[in-house]
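What follows is the content of model20.tsv (TSV, C-alpha atoms).
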chain	number	residue	atom	x	y	z
A	1	MET	CA	-4.53	5.96	4.99
A	2	PRO	CA	-1.24	5.18	6.77
A	3	LEU	CA	-0.73	1.89	8.56
A	4	GLY	CA	-0.84	1.90	12.36
A	5	ILE	CA	0.99	-0.88	14.21
A	6	GLU	CA	0.61	-1.17	17.98
A	7	LYS	CA	2.58	-3.95	19.59
A	8	VAL	CA	1.11	-5.66	22.68
A	9	VAL	CA	3.17	-8.40	24.32
A	10	LYS	CA	1.42	-10.72	26.76
A	11	ASP	CA	2.95	-13.93	28.04
A	12	ASP	CA	4.68	-15.41	24.99
A	13	VAL	CA	2.41	-13.90	22.34
A	14	THR	CA	2.96	-10.63	20.47
A	15	THR	CA	-0.27	-9.10	19.21
A	16	LEU	CA	-0.02	-6.47	16.51
A	17	VAL	CA	-3.06	-4.21	16.60
A	18	LEU	CA	-3.26	-2.97	13.01
A	19	THR	CA	-5.19	0.02	11.69
A	20	GLY	CA	-5.50	1.72	8.31
A	21	ASP	CA	-4.30	0.39	4.96
A	22	LEU	CA	-2.06	-2.58	4.38
A	23	ASP	CA	-1.08	-1.64	0.83
A	24	THR	CA	1.81	-1.35	-1.59
A	25	GLY	CA	3.26	1.59	0.34
A	26	THR	CA	2.84	0.26	3.88
A	27	ALA	CA	3.20	-3.55	3.67
A	28	SER	CA	6.97	-3.37	4.20
A	29	GLN	CA	6.44	-1.68	7.61
A	30	LEU	CA	4.52	-4.72	8.80
A	31	GLU	CA	7.07	-7.08	7.29
A	32	ASN	CA	9.85	-5.28	9.18
A	33	THR	CA	7.89	-5.45	12.44
A	34	VAL	CA	7.35	-9.19	11.95
A	35	LYS	CA	11.07	-9.65	11.26
A	36	GLU	CA	11.91	-7.85	14.52
A	37	ILE	CA	9.59	-10.19	16.43
A	38	LEU	CA	11.10	-13.24	14.71
A	39	ALA	CA	14.55	-12.06	15.73
A	40	GLY	CA	13.44	-12.06	19.38
A	41	THR	CA	12.20	-14.91	21.51
A	42	GLN	CA	8.40	-14.54	21.33
A	43	PRO	CA	7.06	-17.65	19.64
A	44	GLY	CA	3.48	-16.48	18.93
A	45	ILE	CA	2.09	-13.71	16.69
A	46	VAL	CA	-1.50	-12.45	16.43
A	47	PHE	CA	-2.71	-9.84	13.92
A	48	ASP	CA	-5.71	-7.87	15.20
A	49	MET	CA	-7.17	-6.86	11.82
A	50	GLY	CA	-10.23	-5.00	13.18
A	51	GLY	CA	-8.93	-1.59	12.09
A	52	ILE	CA	-7.65	-2.68	8.68
A	53	THR	CA	-9.95	-1.41	5.97
A	54	TYR	CA	-7.83	-2.32	2.95
A	55	VAL	CA	-5.34	-5.05	2.01
A	56	SER	CA	-3.63	-5.02	-1.40
A	57	SER	CA	-1.82	-7.98	-2.94
A	58	PHE	CA	1.39	-6.67	-1.30
A	59	GLY	CA	-0.44	-6.90	2.02
A	60	LEU	CA	-1.42	-10.50	1.24
A	61	ARG	CA	2.22	-11.27	0.55
A	62	VAL	CA	3.21	-10.10	4.04
A	63	ILE	CA	0.47	-12.23	5.60
A	64	ILE	CA	1.71	-15.27	3.64
A	65	TYR	CA	5.32	-14.43	4.55
A	66	THR	CA	4.41	-14.25	8.26
A	67	SER	CA	2.51	-17.52	8.15
A	68	LYS	CA	5.38	-19.30	6.40
A	69	ALA	CA	7.97	-17.85	8.81
A	70	MET	CA	5.91	-18.92	11.81
A	71	ARG	CA	5.99	-22.54	10.66
A	72	ALA	CA	9.42	-22.65	12.25
A	73	HIS	CA	7.84	-21.47	15.54
A	74	GLY	CA	5.20	-24.15	15.91
A	75	ASP	CA	2.79	-22.48	13.48
A	76	ARG	CA	1.70	-20.09	16.22
A	77	PHE	CA	0.20	-17.34	14.03
A	78	ALA	CA	-3.45	-16.26	13.95
A	79	MET	CA	-5.57	-13.33	12.76
A	80	HIS	CA	-8.87	-12.03	14.06
A	81	SER	CA	-11.61	-9.44	13.49
A	82	VAL	CA	-11.08	-9.35	9.71
A	83	GLN	CA	-13.49	-6.95	7.97
A	84	ASP	CA	-15.82	-8.35	5.28
A	85	ASP	CA	-14.13	-6.79	2.23
A	86	VAL	CA	-10.72	-8.00	3.39
A	87	MET	CA	-12.16	-11.44	4.14
A	88	GLU	CA	-13.44	-11.65	0.55
A	89	ILE	CA	-9.88	-11.14	-0.71
A	90	LEU	CA	-8.51	-13.79	1.68
A	91	THR	CA	-11.19	-16.23	0.59
A	92	LEU	CA	-10.70	-15.61	-3.15
A	93	SER	CA	-6.97	-16.10	-2.65
A	94	GLY	CA	-7.59	-19.49	-1.09
A	95	LEU	CA	-5.91	-18.26	2.11
A	96	SER	CA	-8.83	-18.28	4.52
A	97	GLY	CA	-8.68	-22.07	4.89
A	98	LEU	CA	-4.91	-22.16	5.31
A	99	LEU	CA	-4.59	-19.48	7.98
A	100	LYS	CA	-6.03	-19.36	11.47
A	101	VAL	CA	-8.68	-16.67	10.99
A	102	VAL	CA	-10.97	-16.31	14.00
A	103	ASP	CA	-13.41	-13.77	15.46
A	104	THR	CA	-11.81	-12.55	18.68
A	105	GLN	CA	-8.49	-11.99	20.43
A	106	ASP	CA	-9.33	-14.74	22.94
A	107	ALA	CA	-10.09	-17.20	20.13
A	108	ALA	CA	-6.83	-16.22	18.43
A	109	ILE	CA	-4.82	-16.89	21.60
A	110	ALA	CA	-6.67	-20.17	22.13
A	111	SER	CA	-5.97	-21.26	18.54
A	112	LEU	CA	-2.24	-20.93	19.09
A	113	GLY	CA	-2.19	-23.64	21.73
A	114	GLN	CA	0.91	-24.05	23.81
B	1	MET	CA	-25.15	10.40	-17.97
B	2	ALA	CA	-21.49	9.37	-17.73
B	3	ASP	CA	-19.13	11.15	-15.41
B	4	THR	CA	-15.40	10.77	-16.13
B	5	ALA	CA	-12.18	11.81	-14.42
B	6	GLU	CA	-8.56	11.12	-15.27
B	7	LYS	CA	-5.18	11.22	-13.51
B	8	SER	CA	-1.67	10.79	-14.96
B	9	ILE	CA	1.60	10.06	-13.19
B	10	SER	CA	5.15	9.47	-14.36
B	11	ASN	CA	6.36	5.87	-14.10
B	12	SER	CA	7.97	6.23	-10.67
B	13	ILE	CA	7.22	4.19	-7.55
B	14	GLU	CA	6.94	7.35	-5.43
B	15	LYS	CA	4.07	8.61	-7.59
B	16	LEU	CA	1.83	5.55	-7.19
B	17	GLY	CA	0.29	6.93	-3.99
B	18	GLU	CA	-1.01	9.94	-5.94
B	19	LEU	CA	-3.13	7.65	-8.11
B	20	THR	CA	-4.63	6.01	-5.03
B	21	GLN	CA	-5.36	9.37	-3.36
B	22	TRP	CA	-7.01	10.62	-6.53
B	23	LEU	CA	-9.20	7.53	-6.93
B	24	VAL	CA	-10.20	7.36	-3.25
B	25	ALA	CA	-11.15	11.08	-3.28
B	26	TRP	CA	-13.22	10.61	-6.45
B	27	MET	CA	-15.02	7.59	-5.01
B	28	ASP	CA	-15.76	9.47	-1.76
B	29	GLU	CA	-17.18	12.35	-3.76
B	30	HIS	CA	-19.38	10.00	-5.76
B	31	ALA	CA	-20.47	7.99	-2.70
B	32	VAL	CA	-19.34	4.73	-4.29
B	33	ASN	CA	-20.50	1.70	-2.32
B	34	LYS	CA	-17.78	0.50	0.09
B	35	SER	CA	-17.34	-2.94	-1.42
B	36	VAL	CA	-17.14	-1.60	-4.99
B	37	ALA	CA	-14.68	1.08	-3.86
B	38	TYR	CA	-12.46	-1.62	-2.37
B	39	LYS	CA	-12.45	-3.60	-5.62
B	40	LEU	CA	-11.74	-0.57	-7.84
B	41	ARG	CA	-8.85	0.49	-5.63
B	42	PHE	CA	-7.42	-3.03	-5.48
B	43	ALA	CA	-7.58	-3.34	-9.28
B	44	MET	CA	-6.02	0.05	-9.92
B	45	GLU	CA	-3.16	-0.43	-7.46
B	46	GLU	CA	-2.37	-3.89	-8.75
B	47	ILE	CA	-2.30	-2.97	-12.44
B	48	ALA	CA	-0.60	0.43	-11.98
B	49	THR	CA	2.01	-1.00	-9.60
B	50	ASN	CA	2.86	-3.82	-12.00
B	51	ALA	CA	3.15	-1.31	-14.86
B	52	VAL	CA	5.52	0.97	-12.91
B	53	TYR	CA	7.65	-1.89	-11.50
B	54	TYR	CA	7.90	-4.11	-14.58
B	55	GLY	CA	6.37	-2.35	-17.58
B	56	PHE	CA	9.18	-0.07	-18.73
B	57	PRO	CA	12.73	-0.82	-19.87
B	58	THR	CA	15.16	0.21	-17.09
B	59	GLY	CA	15.89	3.93	-17.06
B	60	THR	CA	13.15	4.98	-19.47
B	61	SER	CA	10.52	7.49	-18.46
B	62	GLY	CA	6.89	7.03	-19.29
B	63	THR	CA	3.34	7.64	-18.18
B	64	VAL	CA	0.71	5.68	-16.30
B	65	LYS	CA	-2.85	6.99	-16.50
B	66	ALA	CA	-6.07	6.03	-14.78
B	67	ARG	CA	-9.52	7.03	-15.95
B	68	ILE	CA	-12.70	6.34	-13.99
B	69	THR	CA	-16.16	6.57	-15.50
B	70	ALA	CA	-19.44	6.32	-13.63
B	71	ASP	CA	-22.50	5.24	-15.54
B	72	SER	CA	-25.26	6.23	-13.17
B	73	VAL	CA	-27.98	4.27	-14.96
B	74	LEU	CA	-26.86	0.77	-13.99
B	75	PRO	CA	-24.95	1.98	-11.86
B	76	LYS	CA	-21.62	0.75	-13.21
B	77	TYR	CA	-18.03	1.92	-12.89
B	78	SER	CA	-15.36	1.48	-15.53
B	79	LEU	CA	-11.75	1.93	-14.58
B	80	GLU	CA	-9.19	2.20	-17.37
B	81	ILE	CA	-5.48	1.93	-16.69
B	82	LEU	CA	-3.12	2.96	-19.47
B	83	ASP	CA	0.66	2.94	-19.77
B	84	ASP	CA	3.05	3.59	-22.63
B	85	GLY	CA	5.54	0.92	-21.58
B	86	ASP	CA	6.34	-2.40	-23.24
B	87	ALA	CA	3.38	-4.20	-24.78
B	88	PHE	CA	2.05	-6.47	-22.04
B	89	ASN	CA	-1.33	-8.07	-21.49
B	90	PRO	CA	-1.52	-8.88	-17.78
B	91	LEU	CA	-4.70	-10.91	-18.27
B	92	GLU	CA	-2.92	-13.37	-20.57
B	93	GLU	CA	0.77	-13.12	-19.79
B	94	THR	CA	0.81	-13.21	-15.99
B	95	PRO	CA	1.65	-16.65	-14.60
B	96	GLU	CA	-1.40	-18.55	-13.38
B	97	ALA	CA	-2.14	-17.82	-9.71
B	98	ASP	CA	-1.71	-20.64	-7.26
B	99	THR	CA	-4.74	-20.61	-4.97
B	100	ASP	CA	-4.98	-24.33	-4.27
B	101	SER	CA	-1.66	-25.44	-2.91
B	102	ALA	CA	-0.44	-25.43	0.64
B	103	LEU	CA	1.24	-22.22	1.78
B	104	ASP	CA	4.75	-23.62	1.70
B	105	ASP	CA	4.48	-24.43	-2.00
B	106	ARG	CA	3.00	-21.13	-3.09
B	107	GLU	CA	4.50	-18.91	-5.70
B	108	LEU	CA	3.35	-15.37	-4.96
B	109	GLY	CA	3.36	-14.06	-8.53
B	110	GLY	CA	0.08	-13.82	-10.35
B	111	LEU	CA	-2.13	-13.61	-7.27
B	112	GLY	CA	-2.92	-9.90	-7.73
B	113	VAL	CA	-3.99	-10.22	-11.36
B	114	PHE	CA	-6.02	-13.34	-10.53
B	115	LEU	CA	-7.87	-11.33	-7.86
B	116	VAL	CA	-8.45	-8.40	-10.24
B	117	LYS	CA	-10.10	-10.77	-12.73
B	118	ASN	CA	-12.27	-12.29	-10.03
B	119	LEU	CA	-13.27	-9.04	-8.34
B	120	SER	CA	-14.41	-7.37	-11.56
B	121	ASP	CA	-17.51	-8.11	-13.61
B	122	ASP	CA	-15.60	-7.65	-16.83
B	123	CYS	CA	-12.02	-6.90	-17.76
B	124	HIS	CA	-10.29	-6.66	-21.10
B	125	TYR	CA	-7.04	-5.51	-22.61
B	126	VAL	CA	-6.09	-3.79	-25.87
B	127	ARG	CA	-2.83	-2.35	-27.17
B	128	THR	CA	-3.40	0.82	-29.18
B	129	ASN	CA	-0.95	3.45	-30.49
B	130	GLY	CA	1.84	2.31	-28.17
B	131	TRP	CA	-0.36	2.18	-25.03
B	132	ASN	CA	-1.38	-0.80	-22.91
B	133	HIS	CA	-5.02	-0.24	-22.12
B	134	LEU	CA	-6.74	-2.35	-19.48
B	135	THR	CA	-10.41	-1.77	-18.65
B	136	ILE	CA	-12.14	-3.13	-15.57
B	137	SER	CA	-15.89	-2.83	-15.05
B	138	ILE	CA	-17.78	-3.32	-11.83
B	139	VAL	CA	-21.55	-3.12	-11.50
B	140	GLU	CA	-22.75	-1.80	-8.15
File written out as structure tokens:
Amino acid sequence: MPLGIEKVVKDDVTTLVLTGDLDTGTASQLENTVKEILAGTQPGIVFDMGGITYVSSFGLRVIIYTSKAMRAHGDRFAMHSVQDDVMEILTLSGLSGLLKVVDTQDAAIASLGQ
Amino acid sequence: MADTAEKSISNSIEKLGELTQWLVAWMDEHAVNKSVAYKLRFAMEEIATNAVYYGFPTGTSGTVKARITADSVLPKYSLEILDDGDAFNPLEETPEADTDSALDDRELGGLGVFLVKNLSDDCHYVRTNGWNHLTISIVE
């Protein structure tokens, strides 16, 4: 399934509403979108993962890349609505405790602080 | 009763998607449980991608094959991934994954193979007649 990326900017946070597969073929699309955001002025990024049914190890790499890059922007990166199978991969990778992974968009925004 | 299907591609990055499409279609047809389907796909993409990217000397053409077998009694699925590239055992020769350190210190290599080992109930490697042969089994 192709990757869908819908960009929603509200206040100073860019939310990427993601759908489909974050895999070997599509991970670079997300990486490019994140790079565009980093080149701008928005200091917060949220991934809405509710529509993501599959994440490969390439997908994990983009998530790690984004988290590392956002360290320079006050660590304002969070993810929410992660499906169970994807969560299992994040947990096995030891990433779930290192990233802000929450249940809802509101909780994601709240976790970013100011 | 065992039910087997097989798909071959040439060792090119553009062809990797064909393996995924084939496996996903087969799993849909066989109503494979969603969680097992995720694991089988993750394992196949990881091993096949590594083989195509790193498994062949530059400029040489070769083959990557996947074979899926359903054993309906358990039920259990066995996924075999074969390539005729350089001898390489990903289970032994991939650098150890780093799942404990803080993000800033992480090396990204090895994470995929680490996950394949942990998602499967059994995985083993043999080299026979010039082929790398990795088998992953998952019990539903």
Worksheet item: Please, which residues of chain A lie no more than 6 Å from chain B when the count uses only C-alpha atoms, and can they be set out as a list of chain:residue names?
Response: A:Ser56, A:Ser57, A:Ser93, A:Gly94
Practice prompt. Can you work out the spacing between atom CA of Leu18 of chain A and atom CA of Gly50 of chain A in Å, to one decimal?
Written response: 7.3 Å
Worksheet item: In Å to one decimal, how far is atom CA of Asp23 of chain A from atom CA of Glu18 of chain B?
Response: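 Those two atoms sit 13.4 Å apart.
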Worksheet item: In Å, how far is it from atom CA of Thr15 of chain A to atom CA of Leu92 of chain A?
Response: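 Rounded to one decimal, the two atoms are 25.5 Å apart.
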Practice prompt. Give as a count of residues only every residue, naming chains and numbers as the document does, that has an atom within 12 Å of (7.8, -16.4, 16.3), counting only C-alpha atoms.
Written response: 32
